[in-house]
>>> print(open('target-v4.txt').read())   # compact mmCIF, C-alpha atoms and all ligand atoms
# COMPACT_ATOMS: atom_id res chain seq x y z
CA MET A 844 6.34 -31.40 -24.00
CA SER A 845 9.77 -29.97 -24.41
CA SER A 846 10.61 -26.58 -23.05
CA ILE A 847 10.60 -23.31 -24.89
CA LEU A 848 11.99 -19.97 -23.71
CA ARG A 849 9.55 -17.08 -23.82
CA ILE A 850 11.40 -13.85 -24.43
CA ALA A 851 9.77 -10.41 -24.10
CA LEU A 852 11.08 -7.65 -26.35
CA GLN A 853 10.01 -4.04 -26.80
CA LYS A 854 7.51 -3.91 -29.64
CA SER A 855 8.79 -0.67 -31.08
CA GLY A 856 11.07 1.89 -29.56
CA ARG A 857 14.66 2.59 -28.67
CA LEU A 858 15.40 -0.98 -27.60
CA SER A 859 13.70 -2.82 -30.45
CA GLU A 860 16.04 -2.70 -33.43
CA ASP A 861 19.15 -3.66 -31.47
CA SER A 862 17.26 -6.40 -29.63
CA TYR A 863 16.05 -7.95 -32.90
CA GLN A 864 19.54 -7.54 -34.37
CA LEU A 865 21.12 -9.32 -31.39
CA PHE A 866 19.02 -12.46 -31.92
CA LYS A 867 19.67 -12.31 -35.64
CA GLU A 868 23.41 -12.26 -34.97
CA CYS A 869 22.94 -15.17 -32.59
CA GLY A 870 21.46 -17.07 -35.53
CA ILE A 871 17.98 -17.18 -33.95
CA ARG A 872 15.32 -16.49 -36.57
CA PHE A 873 11.81 -15.14 -35.94
CA ASP A 874 9.37 -12.78 -37.62
CA TYR A 875 8.83 -9.33 -36.22
CA GLY A 876 7.28 -6.12 -37.39
CA THR A 877 4.26 -7.96 -38.74
CA GLY A 878 1.99 -6.41 -36.10
CA LYS A 879 1.69 -9.75 -34.34
CA LEU A 880 1.96 -9.97 -30.56
CA LYS A 881 4.20 -13.04 -30.67
CA SER A 882 6.37 -15.12 -32.93
CA VAL A 883 7.94 -18.55 -32.56
CA SER A 884 11.51 -18.98 -33.72
CA SER A 885 11.95 -21.35 -36.64
CA ASN A 886 15.36 -22.63 -35.46
CA PHE A 887 15.64 -22.21 -31.66
CA PRO A 888 13.21 -23.25 -28.91
CA ALA A 889 12.08 -19.71 -28.23
CA GLU A 890 8.94 -17.68 -28.55
CA PHE A 891 9.15 -13.89 -28.71
CA LEU A 892 6.54 -11.57 -27.23
CA PHE A 893 6.36 -7.95 -28.39
CA LEU A 894 5.35 -5.60 -25.59
CA ARG A 895 5.71 -2.11 -24.17
CA ASP A 896 9.02 -1.96 -22.35
CA ASP A 897 7.44 -0.85 -19.06
CA ASP A 898 5.31 -4.00 -18.94
CA ILE A 899 8.22 -6.40 -19.39
CA PRO A 900 9.50 -6.63 -15.76
CA GLY A 901 5.99 -7.48 -14.57
CA TYR A 902 5.46 -10.15 -17.21
CA VAL A 903 8.83 -11.69 -16.38
CA GLU A 904 8.01 -11.77 -12.67
CA ASP A 905 4.59 -13.30 -13.35
CA GLY A 906 6.09 -15.98 -15.59
CA VAL A 907 4.23 -14.84 -18.73
CA ALA A 908 7.76 -14.45 -20.12
CA ASP A 909 10.94 -16.17 -18.91
CA LEU A 910 13.35 -13.52 -20.15
CA GLY A 911 13.13 -9.96 -21.34
CA ILE A 912 15.22 -7.10 -22.63
CA VAL A 913 14.73 -3.73 -20.95
CA GLY A 914 16.71 -0.61 -20.14
CA GLU A 915 18.49 -0.90 -16.82
CA ASN A 916 16.70 2.30 -15.82
CA VAL A 917 13.35 0.51 -16.14
CA ALA A 918 14.59 -2.61 -14.33
CA VAL A 919 16.08 -0.70 -11.40
CA GLU A 920 13.03 1.54 -11.07
CA SER A 921 10.62 -1.38 -11.10
CA THR A 922 9.57 -3.12 -7.90
CA HIS A 923 9.20 -6.48 -9.63
CA ARG A 924 11.36 -9.40 -8.57
CA ILE A 925 13.61 -9.95 -11.56
CA GLU A 926 17.25 -10.76 -12.05
CA THR A 927 19.82 -9.15 -14.33
CA VAL A 928 21.34 -11.95 -16.38
CA HIS A 929 23.58 -10.06 -18.76
CA ARG A 930 24.47 -6.54 -19.88
CA LEU A 931 23.91 -5.97 -23.57
CA GLY A 932 25.76 -2.73 -24.27
CA PHE A 933 23.19 -1.02 -26.48
CA SER A 934 20.47 1.64 -25.90
CA LYS A 935 22.85 3.54 -23.67
CA CYS A 936 21.50 6.64 -22.00
CA ARG A 937 21.83 8.56 -18.77
CA LEU A 938 19.42 9.78 -16.14
CA SER A 939 20.26 13.36 -15.20
CA LEU A 940 19.14 16.26 -13.09
CA ALA A 941 18.39 19.45 -14.98
CA ILE A 942 17.41 22.95 -13.87
CA PRO A 943 16.39 26.16 -15.68
CA ARG A 944 19.29 27.52 -17.67
CA ALA A 945 19.33 30.86 -15.85
CA THR A 946 19.53 29.25 -12.40
CA GLU A 947 23.00 29.07 -10.88
CA TRP A 948 24.31 25.66 -9.86
CA HIS A 949 26.78 25.07 -7.04
CA GLY A 950 26.09 21.42 -6.40
CA ILE A 951 23.51 18.89 -5.35
CA GLN A 952 22.81 20.72 -2.07
CA ASP A 953 21.13 23.42 -4.17
CA LEU A 954 18.17 21.05 -4.45
CA ALA A 955 17.52 20.88 -0.71
CA GLY A 956 13.89 21.79 -0.05
CA LYS A 957 13.15 22.04 -3.78
CA SER A 958 10.71 19.99 -5.83
CA ILE A 959 11.92 17.71 -8.61
CA ALA A 960 9.70 16.19 -11.31
CA THR A 961 10.59 12.72 -12.60
CA SER A 962 9.30 9.40 -13.89
CA TYR A 963 12.02 7.68 -11.82
CA PRO A 964 11.05 8.34 -8.19
CA ARG A 965 12.89 5.31 -6.80
CA ILE A 966 16.22 5.90 -8.53
CA LEU A 967 16.05 9.61 -7.72
CA GLY A 968 14.97 8.97 -4.14
CA ASN A 969 17.91 6.64 -3.56
CA TYR A 970 20.32 9.09 -5.08
CA LEU A 971 19.08 12.00 -2.96
CA HIS A 972 19.23 9.81 0.12
CA GLU A 973 22.85 8.84 -0.62
CA GLN A 974 23.70 12.49 -1.15
CA ASN A 975 21.95 13.48 2.07
CA VAL A 976 19.66 15.89 0.27
CA SER A 977 16.04 16.19 1.24
CA ALA A 978 13.83 17.34 -1.64
CA GLU A 979 10.28 16.75 -2.76
CA ILE A 980 9.82 14.26 -5.60
CA HIS A 981 6.90 14.82 -7.99
CA GLU A 982 6.21 11.68 -9.96
CA ILE A 983 4.91 12.34 -13.47
CA SER A 984 4.74 9.82 -16.26
CA GLY A 985 5.64 11.83 -19.34
CA SER A 986 6.81 15.21 -20.66
CA VAL A 987 8.82 15.73 -17.51
CA GLU A 988 10.89 18.46 -19.16
CA ILE A 989 7.97 20.90 -19.24
CA ALA A 990 7.48 20.78 -15.45
CA PRO A 991 9.75 23.74 -14.52
CA GLY A 992 8.23 25.89 -17.28
CA ILE A 993 4.70 25.42 -15.94
CA GLY A 994 5.70 25.91 -12.32
CA LEU A 995 5.23 22.29 -11.29
CA ALA A 996 8.80 21.74 -10.12
CA GLU A 997 12.11 23.56 -9.79
CA ALA A 998 14.18 20.79 -11.32
CA ILE A 999 13.69 17.58 -13.26
CA CYS A 1000 15.34 14.19 -13.39
CA ASP A 1001 14.98 12.50 -16.77
CA ILE A 1002 16.65 10.45 -19.51
CA VAL A 1003 19.04 12.56 -21.55
CA SER A 1004 20.62 11.60 -24.82
CA SER A 1005 21.61 14.59 -26.92
CA GLY A 1006 20.38 17.30 -24.58
CA SER A 1007 18.36 19.00 -27.30
CA THR A 1008 15.05 18.38 -25.50
CA LEU A 1009 16.49 20.06 -22.43
CA LEU A 1010 17.74 22.99 -24.47
CA SER A 1011 14.42 23.58 -26.18
CA ASN A 1012 12.74 23.65 -22.77
CA GLY A 1013 15.21 26.16 -21.35
CA LEU A 1014 16.93 23.63 -19.12
CA LYS A 1015 20.53 22.61 -18.48
CA GLU A 1016 21.91 19.27 -17.33
CA VAL A 1017 23.70 19.62 -14.00
CA GLU A 1018 24.30 16.11 -12.65
CA VAL A 1019 24.27 12.58 -14.06
CA ILE A 1020 22.70 10.27 -11.47
CA PHE A 1021 22.49 6.94 -13.34
CA ARG A 1022 23.97 5.42 -16.52
CA SER A 1023 21.88 2.83 -18.29
CA GLU A 1024 22.14 0.25 -21.05
CA ALA A 1025 19.95 -2.58 -22.26
CA ILE A 1026 20.02 -5.69 -20.05
CA LEU A 1027 18.71 -9.22 -20.29
CA ILE A 1028 16.45 -9.98 -17.31
CA ALA A 1029 14.99 -13.26 -16.07
CA ARG A 1030 12.83 -14.73 -13.38
CA PRO A 1031 15.04 -15.51 -10.36
CA THR A 1032 14.37 -19.25 -10.58
CA LEU A 1033 13.94 -20.85 -13.97
CA GLU A 1034 13.06 -24.51 -14.41
CA ASP A 1035 16.08 -26.69 -15.29
CA GLU A 1036 15.21 -27.06 -18.97
CA LYS A 1037 14.70 -23.34 -19.38
CA GLN A 1038 17.92 -22.64 -17.50
CA ASN A 1039 19.74 -24.89 -19.98
CA LEU A 1040 18.25 -23.01 -22.89
CA LEU A 1041 19.20 -19.72 -21.28
CA GLU A 1042 22.79 -20.92 -20.99
CA LYS A 1043 22.82 -21.84 -24.68
CA LEU A 1044 21.46 -18.42 -25.52
CA LEU A 1045 24.00 -16.67 -23.29
CA PHE A 1046 26.82 -18.62 -24.91
CA ARG A 1047 25.77 -17.27 -28.30
CA ILE A 1048 25.26 -13.72 -27.02
CA LYS A 1049 28.74 -13.68 -25.50
CA ALA A 1050 30.25 -14.98 -28.73
CA VAL A 1051 28.50 -12.21 -30.69
CA GLN A 1052 29.75 -9.61 -28.20
CA ALA A 1053 33.29 -10.99 -28.23
CA ALA A 1054 33.40 -10.83 -32.01
CA LYS A 1055 32.62 -7.11 -31.83
CA ASN A 1056 35.38 -6.23 -29.37
P1 LIG B 1101 7.18 2.00 -25.02
O1 LIG B 1101 6.22 2.47 -26.05
O2 LIG B 1101 7.65 0.59 -25.29
O3 LIG B 1101 6.69 2.19 -23.62
P2 LIG B 1101 9.07 4.15 -24.37
O4 LIG B 1101 8.71 5.40 -25.08
O5 LIG B 1101 8.78 4.02 -22.92
O6 LIG B 1101 8.51 2.91 -25.20
P3 LIG B 1101 11.74 4.32 -25.49
O7 LIG B 1101 11.82 5.80 -25.65
O8 LIG B 1101 11.65 3.48 -26.71
O9 LIG B 1101 10.62 3.89 -24.45
O10 LIG B 1101 13.03 3.91 -24.64
C1 LIG B 1101 13.22 2.60 -24.22
C2 LIG B 1101 14.51 2.54 -23.43
O11 LIG B 1101 15.60 2.88 -24.27
C3 LIG B 1101 14.62 3.52 -22.25
O12 LIG B 1101 14.02 3.02 -21.09
C4 LIG B 1101 16.12 3.65 -22.09
O13 LIG B 1101 16.63 2.57 -21.35
C5 LIG B 1101 16.64 3.50 -23.51
N1 LIG B 1101 17.08 4.74 -24.19
C6 LIG B 1101 18.20 4.84 -24.95
N2 LIG B 1101 18.35 6.05 -25.47
C7 LIG B 1101 17.33 6.74 -25.05
C8 LIG B 1101 16.93 8.08 -25.27
N3 LIG B 1101 17.61 8.90 -26.04
N4 LIG B 1101 15.79 8.49 -24.69
C9 LIG B 1101 15.05 7.65 -23.96
N5 LIG B 1101 15.40 6.38 -23.70
C10 LIG B 1101 16.52 5.92 -24.24
ZN ZN B 1102 7.87 2.64 -22.09
>>> encode(input="target-v4.txt", output="structure tokens", more="lines below")
Ligand code: ATP
Ligand code: ZN
Amino acid sequence: MSSILRIALQKSGRLSEDSYQLFKECGIRFDYGTGKLKSVSSNFPAEFLFLRDDDIPGYVEDGVADLGIVGENVAVESTHRIETVHRLGFSKCRLSLAIPRATEWHGIQDLAGKSIATSYPRILGNYLHEQNVSAEIHEISGSVEIAPGIGLAEAICDIVSSGSTLLSNGLKEVEVIFRSEAILIARPTLEDEKQNLLEKLLFRIKAVQAAKN
């Protein structure tokens, strides 16, 4: 049986449209948005799986998928053994620290001894360690921005795009700790045939990116 690349994409969310568009521009056709969990390409040896973004690193590590597209924030936070193959330049966002608007800010040392709510305990922990700041990290999985308002934490660390969510929760952004974009990830060791297909795919992706610059 000849090889086929299994590629995991976010089913629906901030990565989806640009991910689908990328393959379209690469000339790789497949159906999506039909509610199906997977779809085989009609003109490239690839099968696409539509999943929640958070599940993609695990599926790639387990070999359920060979490749995946996720935000770098998700890849770096995850403990799964995966490799970054290529940076894709879309779904850009930043991970920032924010504090109540009325609180003065002099610098990162202000957080010493404080508690910070986040869904990114690893990225935040590394950052605080690098900055020599010891603070308590409260891991919560969603609605991080309400934590200071309900007395759960004195600061938050979360994805910021426009800043309007922060504003409506009475918070201000004080420090960017990580900048993210969509990346193509893979299992560290792909079988030869799959590696060849990946190289073909990368060749097309780079051509699409070059045409845009
Ligand atoms: P899923 O239902 O698949 O779990 P989700 O709600 O966790 O989706 P999205 O909000 O769709 O995820 O974001 C997916 C990724 O898009 C993020 O991990 C991040 O890398 C990127 N991203 C780009 N802009 C933003 C933004 N404004 N807010 C949040 N994430 C963003
Ligand atoms: Zn998610």
>>> closest_residue(input="target-v4.txt", among="A:Trp948, A:Phe866, A:Tyr963, A:Phe1046", to="A:Glu890", atoms="all atoms listed in the file")
A:Phe866
>>> residues_near_ligand(input="target-v4.txt", ligand="ligand LIG 1101 (chain B)", cutoff="10 Å", atoms="only C-alpha atoms and all ligand atoms", output="ChimeraX atom specification")
/A:852-859,893-899,912-918,933-938,984-985,1001-1006,1008,1022-1026
>>> atom_distance(input="target-v4.txt", atom1="atom CA of A:Gln1038", atom2="atom CA of A:Arg924")
17.3 Å
>>> closest_residue(input="target-v4.txt", among="A:Leu940, A:Val1019, A:Ala945, A:Leu1045", to="A:Val987", atoms="all atoms listed in the file")
A:Leu940
>>> atom_distance(input="target-v4.txt", atom1="atom ZN of ligand ZN 1102 (chain B)", atom2="atom CA of A:Val1017")
24.6 Å
>>> residues_around(input="target-v4.txt", residues="stretch 867-878 of chain A", least_positions_apart="2", cutoff="9 Å", atoms="only C-alpha atoms", output="JSON, numbers by chain")
{"A": [854, 855, 862, 863, 864, 865, 880, 881, 882, 883, 884, 885, 886, 887, 889, 890, 891, 893, 1044, 1047, 1048, 1050, 1051]}
>>> residues_around(input="target-v4.txt", residues="A:Asn1012", least_positions_apart="4", cutoff="12 Å", atoms="all atoms listed in the file", output="ChimeraX atom specification")
/A:941-945,986-993,998-999,1006-1008,1016
>>> write_last_selection(input="target-v4.txt", atoms="C-alpha atoms", output="PDB file, in the frame of the given file")
ATOM      1  CA  ALA A 941      18.390  19.450 -14.980  1.00  0.00           C
ATOM      2  CA  ILE A 942      17.410  22.950 -13.870  1.00  0.00           C
ATOM      3  CA  PRO A 943      16.390  26.160 -15.680  1.00  0.00           C
ATOM      4  CA  ARG A 944      19.290  27.520 -17.670  1.00  0.00           C
ATOM      5  CA  ALA A 945      19.330  30.860 -15.850  1.00  0.00           C
ATOM      6  CA  SER A 986       6.810  15.210 -20.660  1.00  0.00           C
ATOM      7  CA  VAL A 987       8.820  15.730 -17.510  1.00  0.00           C
ATOM      8  CA  GLU A 988      10.890  18.460 -19.160  1.00  0.00           C
ATOM      9  CA  ILE A 989       7.970  20.900 -19.240  1.00  0.00           C
ATOM     10  CA  ALA A 990       7.480  20.780 -15.450  1.00  0.00           C
ATOM     11  CA  PRO A 991       9.750  23.740 -14.520  1.00  0.00           C
ATOM     12  CA  GLY A 992       8.230  25.890 -17.280  1.00  0.00           C
ATOM     13  CA  ILE A 993       4.700  25.420 -15.940  1.00  0.00           C
ATOM     14  CA  ALA A 998      14.180  20.790 -11.320  1.00  0.00           C
ATOM     15  CA  ILE A 999      13.690  17.580 -13.260  1.00  0.00           C
ATOM     16  CA  GLY A1006      20.380  17.300 -24.580  1.00  0.00           C
ATOM     17  CA  SER A1007      18.360  19.000 -27.300  1.00  0.00           C
ATOM     18  CA  THR A1008      15.050  18.380 -25.500  1.00  0.00           C
ATOM     19  CA  GLU A1016      21.910  19.270 -17.330  1.00  0.00           C
TER      20      GLU A1016
END
>>> closest_residue(input="target-v4.txt", among="A:Glu979, A:Ala1029, A:Arg930, A:Pro900", to="ligand ZN 1102 (chain B)", atoms="all atoms listed in the file")
A:Pro900
>>> atom_distance(input="target-v4.txt", atom1="atom CA of A:Ala1054", atom2="atom CA of A:Leu1041")
19.9 Å
>>> residues_around(input="target-v4.txt", residues="A:Lys957", least_positions_apart="4", cutoff="12 Å", atoms="all atoms listed in the file", output="PyMOL selection string")
chain A and resi 942+951-953+971+976-981+991+994-999
>>> residues_around(input="target-v4.txt", residues="A:Ile983", least_positions_apart="3", cutoff="7 Å", atoms="only C-alpha atoms", output="list in words")
Ala960, Thr961, Ser962 and Val987 of chain A
>>> axis_aligned_box(input="target-v4.txt", around="stretch 928-946 of chain A", padding_each_side="5 Å", output="JSON")
{"center_x": 21.1, "center_y": 9.5, "center_z": -19.4, "size_x": 19.4, "size_y": 52.8, "size_z": 24.1}
